[in-house]
Amino acid sequence: MGDKEEKQAKKGGFRASMFIFALSTLDNMGCVANMVSLVLYFYMVMHFDLASSADTLTNFLGSTFLLSLVGGFISDTYLSRLTTCLLFGSLEILALVMLTVQASLDHLQPQACGKSSCVKGGIAVMFYTSLYLLALGMGGVRGSMVPLGADQFDEKNPKEAKALSSFFNWILLSSTTGSIVGVTGVVWISTQKAWHWGFLIITIASSIGFLTLALGKPFYRIKTSSQSPLSTIAQVIVVAIKNRKLPLPESHEELYEVCDGASGKIAHSNQMRFLDKASILQENNEPRAWKVCTVTQVEEVKILTRMLPILASTIIMNTCLAQLQTFSVQQGNVMNLKLGSFTVPAPSIPVIPLLFLAILIPFYEIVFVPFARKITHHPSGITHLQRVGVGLVLSSISMAVAGIVEVKRRNQGRKDPSRPISLFWLSFQFAIFGIADMFTLVGLLEFFYREAPENMKSLSTSFTYLSMSLGYFLSTIFVDVINAVTKRVTPSKKGWLHGLDLNKNNLNLFYWFLAILSCLNFFNYLYWASWYKYKAEDSNAKVILKVGERKDDEEEKI
């Protein structure tokens, strides 16, 4: 056993993470290129109208991030994170092959029909099968890739705890690097040459990425799967309901816990005391599953419950992100795309904040974090929730700026359509949101991973993507509802986001609506962030509680 532990200790670290960084770079090259350009593919090739193109993309991205929960659950319960990542990666590559084939053959594409959607019959079957197979593959990969990388560091080791914090910053940098190539080279090839060439490049890059991940297997620390987290949650809730009429003991030390020398015990906390009733072991009862739960099991459910308001408070930010990948790209498509003699594809505008991030992330990691550590003594420099809060403020500012830029663009478009303003006016909203994303995305990933119980690391990390998923779905709802409501109340009887002509719409009002909503959401976040109690802060609670003896020790207990 000692040799096995020593062997395992030699694995992991940044040497193992390099293979994961390579996958993150190559896979995000295609993922982000799709995020910013598929709305044009739907509009120009598959002949959806503006609103349907935006809705189809946000539904696709929402499904992608929602399905990360599937990858997280499987890698926590049934398969290792590495196996899960490679399994879903194969589905992703299959879907990309299907997209490439459909984009390359004219008879697999619909004819323009003037309706909101022209996709039907066999074309629709192939289109939606490839799209949602891609969502399943990408989602499953995201639910297992980041936890696999984080597993390479032991958060109980002070030195590796700092390295774990750095890992989350470097994985963002690797994905940013891939994104830069995606939104420039891949998007330019897709929009200026042919869509199928862009999809082909993405397919090859992702294939190389997953092959690289597989080659790194000898270097990984592979954690084995454990009991289903859903089973633990269900047991605690069911037993707590059964024991709802029982009084709580005066001291939490009287609650049931197993002292078996295993690590991973969680100290008792005083929040949500009603769940503690699941840890009441009644007299003359044997400690069996579904009859009583340990304090650790109850605390695991408490942790997940405390996370939910934090998760909910970040949904609006991701709704704002959806606008930058849909309506902002459509704005750019009717602006001046010239940079000297070079024509910039509208979906490539996010390269500006990405380049900024590529500079800012190393500065943050190399300069800011060490400086902040000296003051706060926190491994990450500042707490995860402080980092998320900064991002929420910046996302609100980004939407306000987006509304101002849209007013300028629309006024010029109405005044002289032949001389639109430059595409680079959009860089302001993209740059501000890019910084916001750096703070919030990394903050959430590290927060959900560090705070999660051992058997829920992947599922909990997937909460970051669940927030993104709900944000994209909420965007679709907002677009439809606001269009329906404003169609009734405006004098023109047309919705803010009606039709195909942005110059006749009121997109700026939609942006400002999101800015106000984001501002209100920030105050909601402040309340829940101040209420949240970090797992590590419960230092006064005793880890070893009342020992519930097993059946063979009961006579001694009596």
# chains A, B, ... in the order shown; residues from 1 in each chain; ligands from 1

call {"tool": "select_by_dssp", "arguments": {"residues": "region 265-406 of chain A", "states": "alpha helix (DSSP H)", "output": "JSON, numbers by chain"}}
result
{"A": [295, 296, 297, 298, 299, 300, 301, 302, 303, 304, 305, 306, 307, 308, 309, 310, 311, 312, 313, 315, 316, 317, 318, 319, 320, 321, 322, 323, 324, 327, 328, 329, 330, 331, 332, 333, 351, 352, 353, 354, 355, 356, 357, 358, 359, 360, 361, 362, 363, 369, 370, 371, 372, 373, 374, 375, 376, 384, 385, 386, 387, 388, 389, 390, 391, 392, 393, 394, 395, 396, 397, 398, 399, 400, 401, 402, 403, 404, 405, 406]}

call {"tool": "residues_around", "arguments": {"residues": "region 324-331 of chain A", "least_positions_apart": "4", "cutoff": "9 Å", "atoms": "only C-alpha atoms", "output": "ChimeraX atom specification"}}
result
/A:35-40,50-51,53-55,57-58,320,335,346-350,402,406,409,423,426,429-430,433,502,507

call {"tool": "write_last_selection", "arguments": {"atoms": "N, CA, C and O atoms", "output": "short mmCIF file (atom, residue, chain, number, x, y, z; two decimals), in the first residue's frame"}}
result
data_model
loop_
_atom_site.label_atom_id
_atom_site.label_comp_id
_atom_site.auth_asym_id
_atom_site.auth_seq_id
_atom_site.Cartn_x
_atom_site.Cartn_y
_atom_site.Cartn_z
N MET A 35 -19.37 28.92 -31.04
CA MET A 35 -20.20 29.80 -30.21
C MET A 35 -20.43 31.15 -30.87
O MET A 35 -21.51 31.73 -30.76
N VAL A 36 -19.41 31.67 -31.53
CA VAL A 36 -19.52 33.02 -32.09
C VAL A 36 -19.94 33.04 -33.56
O VAL A 36 -20.34 34.09 -34.07
N SER A 37 -19.84 31.91 -34.26
CA SER A 37 -20.13 31.95 -35.70
C SER A 37 -21.33 31.12 -36.13
O SER A 37 -21.87 31.34 -37.21
N LEU A 38 -21.78 30.19 -35.30
CA LEU A 38 -22.90 29.34 -35.70
C LEU A 38 -24.17 30.14 -35.96
O LEU A 38 -25.00 29.74 -36.76
N VAL A 39 -24.31 31.27 -35.27
CA VAL A 39 -25.51 32.09 -35.50
C VAL A 39 -25.57 32.55 -36.95
O VAL A 39 -26.65 32.64 -37.56
N LEU A 40 -24.40 32.80 -37.57
CA LEU A 40 -24.35 33.19 -38.99
C LEU A 40 -24.55 31.97 -39.88
O LEU A 40 -25.17 32.08 -40.96
N LEU A 50 -33.45 36.11 -38.00
CA LEU A 50 -32.55 36.59 -36.95
C LEU A 50 -32.89 36.01 -35.58
O LEU A 50 -32.02 35.47 -34.89
N ALA A 51 -34.16 36.14 -35.18
CA ALA A 51 -34.55 35.68 -33.85
C ALA A 51 -34.40 34.16 -33.73
O ALA A 51 -33.92 33.65 -32.72
N SER A 53 -32.37 32.23 -35.44
CA SER A 53 -30.93 31.91 -35.41
C SER A 53 -30.38 32.07 -34.00
O SER A 53 -29.65 31.20 -33.49
N ALA A 54 -30.75 33.18 -33.36
CA ALA A 54 -30.28 33.44 -32.00
C ALA A 54 -30.84 32.39 -31.04
O ALA A 54 -30.11 31.86 -30.18
N ASP A 55 -32.12 32.07 -31.18
CA ASP A 55 -32.74 31.08 -30.29
C ASP A 55 -32.14 29.70 -30.47
O ASP A 55 -31.90 28.97 -29.50
N LEU A 57 -29.13 28.94 -31.50
CA LEU A 57 -27.78 28.92 -30.92
C LEU A 57 -27.85 28.87 -29.39
O LEU A 57 -27.13 28.08 -28.76
N THR A 58 -28.69 29.72 -28.79
CA THR A 58 -28.75 29.74 -27.32
C THR A 58 -29.31 28.42 -26.78
O THR A 58 -28.88 27.95 -25.73
N CYS A 320 -26.41 37.62 -20.26
CA CYS A 320 -25.72 38.73 -20.94
C CYS A 320 -24.67 38.18 -21.92
O CYS A 320 -24.52 38.71 -23.03
N MET A 335 -21.92 46.25 -39.76
CA MET A 335 -21.01 47.37 -39.51
C MET A 335 -19.86 47.32 -40.51
O MET A 335 -19.76 46.40 -41.33
N ALA A 346 -17.32 39.33 -38.78
CA ALA A 346 -17.97 39.86 -37.57
C ALA A 346 -17.77 38.94 -36.36
O ALA A 346 -17.53 39.43 -35.24
N PRO A 347 -17.85 37.61 -36.50
CA PRO A 347 -17.66 36.77 -35.32
C PRO A 347 -16.25 36.82 -34.73
O PRO A 347 -16.03 36.30 -33.64
N SER A 348 -15.31 37.45 -35.45
CA SER A 348 -13.93 37.50 -34.95
C SER A 348 -13.69 38.65 -33.99
O SER A 348 -12.61 38.75 -33.41
N ILE A 349 -14.69 39.51 -33.77
CA ILE A 349 -14.50 40.65 -32.88
C ILE A 349 -14.13 40.24 -31.45
O ILE A 349 -13.38 40.96 -30.77
N PRO A 350 -14.59 39.07 -30.93
CA PRO A 350 -14.17 38.69 -29.57
C PRO A 350 -12.68 38.47 -29.41
O PRO A 350 -12.21 38.30 -28.29
N ALA A 402 -22.98 48.29 -24.20
CA ALA A 402 -23.52 47.71 -25.43
C ALA A 402 -24.72 48.48 -25.93
O ALA A 402 -24.89 48.69 -27.14
N GLU A 406 -24.96 50.49 -29.52
CA GLU A 406 -26.03 50.17 -30.46
C GLU A 406 -26.78 51.42 -30.90
O GLU A 406 -27.18 51.54 -32.07
N ARG A 409 -24.59 52.98 -33.51
CA ARG A 409 -24.61 52.20 -34.75
C ARG A 409 -25.93 52.39 -35.51
O ARG A 409 -25.94 52.58 -36.72
N LEU A 423 -16.61 48.18 -37.01
CA LEU A 423 -16.87 47.00 -36.20
C LEU A 423 -16.21 47.10 -34.83
O LEU A 423 -16.71 46.56 -33.84
N LEU A 426 -17.61 47.66 -31.17
CA LEU A 426 -18.10 46.57 -30.32
C LEU A 426 -17.04 46.08 -29.34
O LEU A 426 -17.35 45.36 -28.40
N GLN A 429 -17.69 46.65 -25.36
CA GLN A 429 -18.54 45.74 -24.59
C GLN A 429 -17.89 44.36 -24.45
O GLN A 429 -17.99 43.70 -23.41
N PHE A 430 -17.21 43.91 -25.51
CA PHE A 430 -16.54 42.61 -25.47
C PHE A 430 -15.38 42.61 -24.49
O PHE A 430 -15.16 41.64 -23.76
N PHE A 433 -16.66 42.64 -20.84
CA PHE A 433 -17.22 41.34 -20.47
C PHE A 433 -16.14 40.27 -20.42
O PHE A 433 -16.23 39.33 -19.63
N LEU A 502 -31.91 45.24 -38.21
CA LEU A 502 -31.55 45.77 -36.90
C LEU A 502 -31.79 47.28 -36.79
O LEU A 502 -32.03 47.79 -35.69
N LEU A 507 -32.75 47.18 -30.12
CA LEU A 507 -31.84 46.28 -29.42
C LEU A 507 -31.19 46.97 -28.22
O LEU A 507 -30.92 46.34 -27.20
#

call {"tool": "closest_residue", "arguments": {"among": "A:Leu67, A:Leu87, A:Met46, A:Ile432", "to": "Pro110 (chain A)", "atoms": "only C-alpha atoms"}}
result
A:Met46

call {"tool": "closest_residue", "arguments": {"among": "A:Gly332, A:Leu526, A:Leu230, A:Trp425", "to": "Pro345 (chain A)", "atoms": "only C-alpha atoms"}}
result
A:Gly332

call {"tool": "closest_residue", "arguments": {"among": "A:Ile382, A:Ala358, A:Tyr532, A:Leu134", "to": "Ser63 (chain A)", "atoms": "only C-alpha atoms"}}
result
A:Leu134

call {"tool": "atom_distance", "arguments": {"atom1": "CA of Gly182 (chain A)", "atom2": "CA of Thr203 (chain A)"}}
result
12.2 Å

call {"tool": "closest_residue", "arguments": {"among": "A:Ser144, A:Asn455, A:Thr343, A:Thr212", "to": "Gln192 (chain A)", "atoms": "only C-alpha atoms"}}
result
A:Thr343

call {"tool": "atom_distance", "arguments": {"atom1": "CA of Ser460 (chain A)", "atom2": "CA of Ile366 (chain A)"}}
result
27.8 Å

call {"tool": "closest_residue", "arguments": {"among": "A:Tyr525, A:Tyr256, A:Glu365, A:Gly30", "to": "Ser190 (chain A)", "atoms": "only C-alpha atoms"}}
result
A:Gly30

call {"tool": "closest_residue", "arguments": {"among": "A:Ile266, A:Phe522, A:Val344, A:Tyr78", "to": "Gly391 (chain A)", "atoms": "only C-alpha atoms"}}
result
A:Phe522

call {"tool": "atom_distance", "arguments": {"atom1": "CA of Gly381 (chain A)", "atom2": "CA of Ile171 (chain A)"}}
result
17.3 Å

call {"tool": "residues_around", "arguments": {"residues": "Asn503 (chain A)", "least_positions_apart": "3", "cutoff": "12 Å", "atoms": "only C-alpha atoms", "output": "MDAnalysis selection string"}}
result
chainID A and resid 330:331 334:335 406:417 420 496:500 506:508
